[in-house]
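The next block holds one structure in the form of structure tokens; read it before the comments.
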Amino acid sequence: MSRLHNLKKFNTLAVDSSCERYLSIQSLSDLESLPRDLKVSDMLVLAGGSNLLLSPQINRFVAHIKPRDHIEVVDNLVVAWAGTSWHELVVWAVSHQLGGIENLALIPGTVGAAPIQNIGAYGVELKDVLVWVEIYNWQTGGYHRLSNEECHFSYRHSIFRYHDRPWVISRIGLDLRPNRPVNLSYPALRDKLTRNKKPSYADIAKAVTEIRQSKLPNPKELPNAGSFFKNPIIDQDLAHRLQKKYKDMSFFNLDDKQDMVKTSAAWLLEKCGFKGKRIGDAGFYDKHALILVNHGKASSEDLQNLSRAAKKAVKSKFGITLEEEVRIV
Ligand code: EPU
């Protein structure tokens with residue numbers, strides 16, 4: 001009988017989940033031992049598990065990228081192995097006075113997961129500094145580099161989100177520089193640094209860390225996967241109609257789509273009464289409505305039931321369809 005691998009420890013929502021086919025990966029040579037005949041739909045690449053909602057039984061082959069930090073400078077680019085902790089990369093960069101990712105401090109997960117949803121926070125997105133993504137094709141056994149343009153990045157999106165190719169991200173190359181201008185466009189960050197006329201990259205990373213710690217739950221204390229939904233992008237007509245009715249609703253312009261605006265999913269959820277709402281052990285965090293938390297023994301189904309109820313309420317009150325940011329497998 002084959003052995004079951006328990007994945008509860010490897011997903012930050014801490015739901016019960018297990019799989020039969022499993023390979024632990026810590027290096028390029030481990031990657032190269034992935035079975036070549038696996039179909040894309042038969043594979044799950046699991047890394048930090050911080051953006052996933054796993055079903056109780058995973059019937060796929062699980063390629064588990066184990067944490068191992070490996071960062072080097074090659075041709076003036078900072079190159080990091082996929083299993084490197086994202087936050088450790090930020091710490092490394094600011095300690096070398098290299099700018100570009102300080103606003104992305106304390107984002108959970110690994111370097112290899114970062115391009116998938118183009119991680120972003122406090123006015124900066126990964127796409128602003130990423131030069132290439134190296135992928136390993138487990139069907140051909142070859143490596144290939146995609147340029148920033150080839151990754152098709154946009155808000156919480158990239159070519160990797162389709163999960164339709166036999167690719168595992170192996171390394172990324174970033175353009176981090178000592179003279180990169182700082183980004184203080186996000187009001188909460190600017191407010192926190194008002195007394196500091198010339199904040200260093202380390203000052204910014206520290207301020208971001210403090211803001212995140214004050215409003216986002218630590219998955220080790222209260223299991224969660226960060227923002228459960230994306231902030232919805234809606235057309236200007238709907239935005240105008242809603243603004244007339246709800247004076248405190250905010251909208252943000254988008255660089256790449258002039259006729260659309262982004263609005264806050266947390267605000268929509270709060271207005272529908274979901275902030276702090278709990279059904280059994282599945283709940284929305286009481287200090288931030290965009291975060292689904294597991295108070296103990298919530299299953300994937302419990303969390304999905306609560307998420308479905310929230311989506312339904314937002315749709316019927318505002319006519320807006322929320323889309324999950326978290327990947328449900
Ligand atoms: N708000 C509410 N109720 C709440 C929380 C927030 O109404 O309970 C409103 C407030 O008006 C606030 C606005 O929502 O001004 C935005 O809130 P916040 O600044 O916390 O940011 P967010 O839009 O909820 C996004 C990212 C976060 C990222 C922060 C900071 C998405 C889906 N989420 O959250 O990313 O850290 O901005 O840049 O884009 C993640 O992806 O897991 C994540 C945490």
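For the structure tokens, the naming scheme is as follows: chains receive sequential letters (A, B, ...) according to their order of presentation, residues are indexed from 1 within each chain, and ligands are indexed from 1 in presentation order.
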_What's around stretch 8-20 of chain A at 9 Å? Count only C-alpha atoms, leave out sequence neighbours fewer than 3 positions away in its own chain, and write the answer as number ranges by chain._
A: 2-5, 46-62, 219-220, 222-225, 292-294, 296-300
*Kindly provide, as JSON, numbers by chain, all nucleotide and amino acid residues lying within 6 Å of ligand 1, counting only C-alpha atoms and all ligand atoms.*
{"A": [121, 122, 226, 227, 229, 230, 231, 264, 266, 267, 270, 287, 288, 289, 290]}
*Between A:Val79, A:Ile135, A:Ile116, A:Ile320, single out the one closest to A:His152, counting only C-alpha atoms.*
A:Ile116
Using 10 Å as the limit and counting only C-alpha atoms, can you tabulate each residue of stretch 55-79 of chain A that touches stretch 164-174 of chain A, with its shortest atom-to-atom distance in Å and the two atoms involved, as JSON lines?
```
{"residue": "A:Ala63", "atom": "CA", "partner": "A:Val168", "partner_atom": "CA", "distance": 9.0}
{"residue": "A:Ile65", "atom": "CA", "partner": "A:Ser170", "partner_atom": "CA", "distance": 9.5}
{"residue": "A:His70", "atom": "CA", "partner": "A:Arg171", "partner_atom": "CA", "distance": 9.7}
{"residue": "A:Ile71", "atom": "CA", "partner": "A:Arg171", "partner_atom": "CA", "distance": 9.7}
{"residue": "A:Glu72", "atom": "CA", "partner": "A:Gly173", "partner_atom": "CA", "distance": 9.7}
{"residue": "A:Val73", "atom": "CA", "partner": "A:Gly173", "partner_atom": "CA", "distance": 9.0}
{"residue": "A:Val74", "atom": "CA", "partner": "A:Gly173", "partner_atom": "CA", "distance": 8.6}
{"residue": "A:Asp75", "atom": "CA", "partner": "A:Gly173", "partner_atom": "CA", "distance": 9.9}
{"residue": "A:Asn76", "atom": "CA", "partner": "A:Leu174", "partner_atom": "CA", "distance": 9.0}
{"residue": "A:Leu77", "atom": "CA", "partner": "A:Leu174", "partner_atom": "CA", "distance": 5.5}
{"residue": "A:Val78", "atom": "CA", "partner": "A:Leu174", "partner_atom": "CA", "distance": 5.1}
{"residue": "A:Val79", "atom": "CA", "partner": "A:Gly173", "partner_atom": "CA", "distance": 4.5}
```
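Atom CA of A:Pro232 is found 23.1 Å from atom CA of A:Arg278.
Distances here use only C-alpha atoms; by that measure, the residue among A:His87, A:Lys244, A:Arg161, A:Arg177 closest to A:Val129 is A:Arg177.
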Give me, as an mmCIF file with all heavy atoms, in the first residue's frame, the residues of stretch 77-141 of chain A that a backbone DSSP run labels strand (DSSP E).
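Output (selection00.cif):
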```
data_model
loop_
_atom_site.group_PDB
_atom_site.id
_atom_site.type_symbol
_atom_site.label_atom_id
_atom_site.label_comp_id
_atom_site.auth_asym_id
_atom_site.auth_seq_id
_atom_site.Cartn_x
_atom_site.Cartn_y
_atom_site.Cartn_z
ATOM 1 N N LEU A 77 22.645 41.169 -11.681
ATOM 2 C CA LEU A 77 21.271 40.850 -11.273
ATOM 3 C C LEU A 77 21.314 40.004 -10.012
ATOM 4 O O LEU A 77 22.253 39.215 -9.811
ATOM 5 C CB LEU A 77 20.544 40.055 -12.362
ATOM 6 C CG LEU A 77 20.264 40.747 -13.685
ATOM 7 C CD1 LEU A 77 19.411 39.846 -14.571
ATOM 8 C CD2 LEU A 77 19.568 42.087 -13.475
ATOM 9 N N VAL A 78 20.286 40.159 -9.190
ATOM 10 C CA VAL A 78 20.158 39.307 -8.015
ATOM 11 C C VAL A 78 19.371 38.074 -8.459
ATOM 12 O O VAL A 78 18.238 38.196 -8.943
ATOM 13 C CB VAL A 78 19.435 40.052 -6.872
ATOM 14 C CG1 VAL A 78 19.170 39.117 -5.704
ATOM 15 C CG2 VAL A 78 20.271 41.251 -6.422
ATOM 16 N N VAL A 79 20.009 36.912 -8.320
ATOM 17 C CA VAL A 79 19.402 35.669 -8.795
ATOM 18 C C VAL A 79 19.098 34.793 -7.583
ATOM 19 O O VAL A 79 19.974 34.539 -6.750
ATOM 20 C CB VAL A 79 20.365 34.949 -9.776
ATOM 21 C CG1 VAL A 79 19.795 33.594 -10.187
ATOM 22 C CG2 VAL A 79 20.619 35.823 -10.998
ATOM 23 N N ALA A 80 17.836 34.373 -7.467
ATOM 24 C CA ALA A 80 17.460 33.579 -6.290
ATOM 25 C C ALA A 80 16.787 32.281 -6.722
ATOM 26 O O ALA A 80 15.982 32.247 -7.678
ATOM 27 C CB ALA A 80 16.524 34.382 -5.385
ATOM 28 N N TRP A 81 17.118 31.215 -6.010
ATOM 29 C CA TRP A 81 16.520 29.882 -6.212
ATOM 30 C C TRP A 81 15.069 29.931 -5.758
ATOM 31 O O TRP A 81 14.724 30.611 -4.773
ATOM 32 C CB TRP A 81 17.354 28.854 -5.436
ATOM 33 C CG TRP A 81 16.648 27.589 -5.018
ATOM 34 C CD1 TRP A 81 16.346 27.215 -3.732
ATOM 35 C CD2 TRP A 81 16.193 26.527 -5.860
ATOM 36 N NE1 TRP A 81 15.722 25.996 -3.734
ATOM 37 C CE2 TRP A 81 15.616 25.545 -5.027
ATOM 38 C CE3 TRP A 81 16.201 26.313 -7.241
ATOM 39 C CZ2 TRP A 81 15.058 24.363 -5.528
ATOM 40 C CZ3 TRP A 81 15.638 25.135 -7.727
ATOM 41 C CH2 TRP A 81 15.090 24.176 -6.879
ATOM 42 N N GLY A 120 2.329 41.885 -4.905
ATOM 43 C CA GLY A 120 2.362 43.341 -4.834
ATOM 44 C C GLY A 120 1.870 43.830 -3.488
ATOM 45 O O GLY A 120 1.022 43.191 -2.864
ATOM 46 N N ALA A 121 2.437 44.936 -3.031
ATOM 47 C CA ALA A 121 1.973 45.563 -1.800
ATOM 48 C C ALA A 121 2.593 46.954 -1.687
ATOM 49 O O ALA A 121 3.705 47.182 -2.172
ATOM 50 C CB ALA A 121 2.359 44.732 -0.569
ATOM 51 N N VAL A 124 4.120 48.741 -4.850
ATOM 52 C CA VAL A 124 5.137 48.080 -5.680
ATOM 53 C C VAL A 124 4.648 46.689 -6.062
ATOM 54 O O VAL A 124 3.997 46.015 -5.273
ATOM 55 C CB VAL A 124 6.475 47.978 -4.885
ATOM 56 C CG1 VAL A 124 7.487 47.114 -5.618
ATOM 57 C CG2 VAL A 124 7.052 49.374 -4.644
ATOM 58 N N GLU A 125 4.977 46.297 -7.299
ATOM 59 C CA GLU A 125 4.691 44.921 -7.723
ATOM 60 C C GLU A 125 5.997 44.282 -8.175
ATOM 61 O O GLU A 125 6.913 44.984 -8.627
ATOM 62 C CB GLU A 125 3.696 44.900 -8.886
ATOM 63 C CG GLU A 125 2.281 45.272 -8.464
ATOM 64 C CD GLU A 125 1.258 45.178 -9.604
ATOM 65 O OE1 GLU A 125 1.647 45.135 -10.788
ATOM 66 O OE2 GLU A 125 0.074 45.148 -9.289
ATOM 67 N N LEU A 130 11.472 42.727 -11.877
ATOM 68 C CA LEU A 130 11.829 41.404 -12.379
ATOM 69 C C LEU A 130 12.384 41.479 -13.808
ATOM 70 O O LEU A 130 11.808 42.154 -14.657
ATOM 71 C CB LEU A 130 10.597 40.492 -12.344
ATOM 72 C CG LEU A 130 10.898 39.049 -12.789
ATOM 73 C CD1 LEU A 130 10.275 38.058 -11.836
ATOM 74 C CD2 LEU A 130 10.403 38.815 -14.196
ATOM 75 N N VAL A 131 13.499 40.800 -14.042
ATOM 76 C CA VAL A 131 14.102 40.809 -15.388
ATOM 77 C C VAL A 131 13.785 39.508 -16.120
ATOM 78 O O VAL A 131 13.398 39.525 -17.270
ATOM 79 C CB VAL A 131 15.627 41.041 -15.305
ATOM 80 C CG1 VAL A 131 16.259 41.028 -16.698
ATOM 81 C CG2 VAL A 131 15.909 42.373 -14.624
ATOM 82 N N TRP A 132 13.936 38.387 -15.432
ATOM 83 C CA TRP A 132 13.561 37.117 -16.067
ATOM 84 C C TRP A 132 13.087 36.100 -15.039
ATOM 85 O O TRP A 132 13.376 36.212 -13.842
ATOM 86 C CB TRP A 132 14.692 36.538 -16.916
ATOM 87 C CG TRP A 132 16.060 36.434 -16.267
ATOM 88 C CD1 TRP A 132 17.130 37.248 -16.505
ATOM 89 C CD2 TRP A 132 16.519 35.461 -15.306
ATOM 90 N NE1 TRP A 132 18.212 36.849 -15.750
ATOM 91 C CE2 TRP A 132 17.872 35.748 -15.012
ATOM 92 C CE3 TRP A 132 15.923 34.375 -14.663
ATOM 93 C CZ2 TRP A 132 18.636 35.004 -14.105
ATOM 94 C CZ3 TRP A 132 16.678 33.636 -13.742
ATOM 95 C CH2 TRP A 132 18.019 33.955 -13.489
ATOM 96 N N VAL A 133 12.359 35.113 -15.566
ATOM 97 C CA VAL A 133 11.949 33.959 -14.769
ATOM 98 C C VAL A 133 12.493 32.735 -15.490
ATOM 99 O O VAL A 133 12.280 32.590 -16.697
ATOM 100 C CB VAL A 133 10.403 33.847 -14.682
ATOM 101 C CG1 VAL A 133 9.979 32.561 -13.976
ATOM 102 C CG2 VAL A 133 9.809 35.044 -13.958
ATOM 103 N N GLU A 134 13.211 31.889 -14.768
ATOM 104 C CA GLU A 134 13.703 30.654 -15.377
ATOM 105 C C GLU A 134 12.743 29.526 -15.024
ATOM 106 O O GLU A 134 12.352 29.383 -13.863
ATOM 107 C CB GLU A 134 15.090 30.329 -14.830
ATOM 108 C CG GLU A 134 15.686 29.051 -15.392
ATOM 109 C CD GLU A 134 16.973 28.699 -14.662
ATOM 110 O OE1 GLU A 134 16.888 28.188 -13.521
ATOM 111 O OE2 GLU A 134 18.050 28.943 -15.218
ATOM 112 N N ILE A 135 12.333 28.757 -16.038
ATOM 113 C CA ILE A 135 11.451 27.626 -15.764
ATOM 114 C C ILE A 135 12.157 26.328 -16.152
ATOM 115 O O ILE A 135 13.013 26.315 -17.042
ATOM 116 C CB ILE A 135 10.089 27.740 -16.492
ATOM 117 C CG1 ILE A 135 10.248 27.907 -18.003
ATOM 118 C CG2 ILE A 135 9.258 28.882 -15.947
ATOM 119 C CD1 ILE A 135 10.145 26.654 -18.778
ATOM 120 N N TYR A 136 11.783 25.257 -15.453
ATOM 121 C CA TYR A 136 12.227 23.918 -15.816
ATOM 122 C C TYR A 136 11.024 23.222 -16.436
ATOM 123 O O TYR A 136 9.933 23.229 -15.847
ATOM 124 C CB TYR A 136 12.708 23.159 -14.558
ATOM 125 C CG TYR A 136 12.991 21.712 -14.844
ATOM 126 C CD1 TYR A 136 14.102 21.344 -15.586
ATOM 127 C CD2 TYR A 136 12.124 20.711 -14.400
ATOM 128 C CE1 TYR A 136 14.350 20.004 -15.884
ATOM 129 C CE2 TYR A 136 12.364 19.369 -14.684
ATOM 130 C CZ TYR A 136 13.483 19.032 -15.440
ATOM 131 O OH TYR A 136 13.713 17.717 -15.731
ATOM 132 N N ASN A 137 11.207 22.651 -17.613
ATOM 133 C CA ASN A 137 10.118 21.932 -18.281
ATOM 134 C C ASN A 137 10.294 20.449 -17.970
ATOM 135 O O ASN A 137 11.253 19.822 -18.443
ATOM 136 C CB ASN A 137 10.212 22.195 -19.798
ATOM 137 C CG ASN A 137 9.080 21.532 -20.555
ATOM 138 O OD1 ASN A 137 8.651 20.428 -20.222
ATOM 139 N ND2 ASN A 137 8.597 22.189 -21.594
#
```
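Residues within 12 Å of A:Glu32, counting only C-alpha atoms and excluding same-chain residues fewer than 2 positions away, are Leu23, Ser24, Ile25, Gln26, Ser27, Leu28, Ser29, Asp30, Leu34, Pro35, Arg36, Ala63, Ile135, Tyr136, Asn137, Trp138, Gln139, Thr140, Gly141, Gly142, Tyr143, Trp167, Val168 and Ser170 of chain A.
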_Residue list (helix (DSSP H, G or I), DSSP) for stretch 44-197 of chain A, as a ChimeraX atom specification_ = /A:86-95,102-104,126-128,149-151,159-162,187-192
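Minimum atom-to-atom distance to A:Val208, evaluated using only C-alpha atoms, belongs to A:Asp191 out of A:Asp191, A:Glu325, A:Asp248, A:Asp286.
Using only C-alpha atoms, the nearest neighbour of A:Asp259 within the list A:Ser307, A:Asn179, A:Gln236, A:Thr321 is A:Gln236.
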*May I have the residues within 12 Å of A:Asp203 as a PyMOL selection string, using only C-alpha atoms and disregarding those fewer than 2 positions away in the same chain?*
chain A and resi 91+94-95+97+99+102-103+105+182+184+189-190+192-201+205-210
*A:Trp86 surroundings by only C-alpha atoms, 10 Å radius, close-in-sequence under 2 positions cut, as a PyMOL selection string*: chain A and resi 48+69+80+82-84+88-92+101+104-114
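Going from atom CA of A:Lys271 to atom CA of A:His240 covers 17.9 Å.
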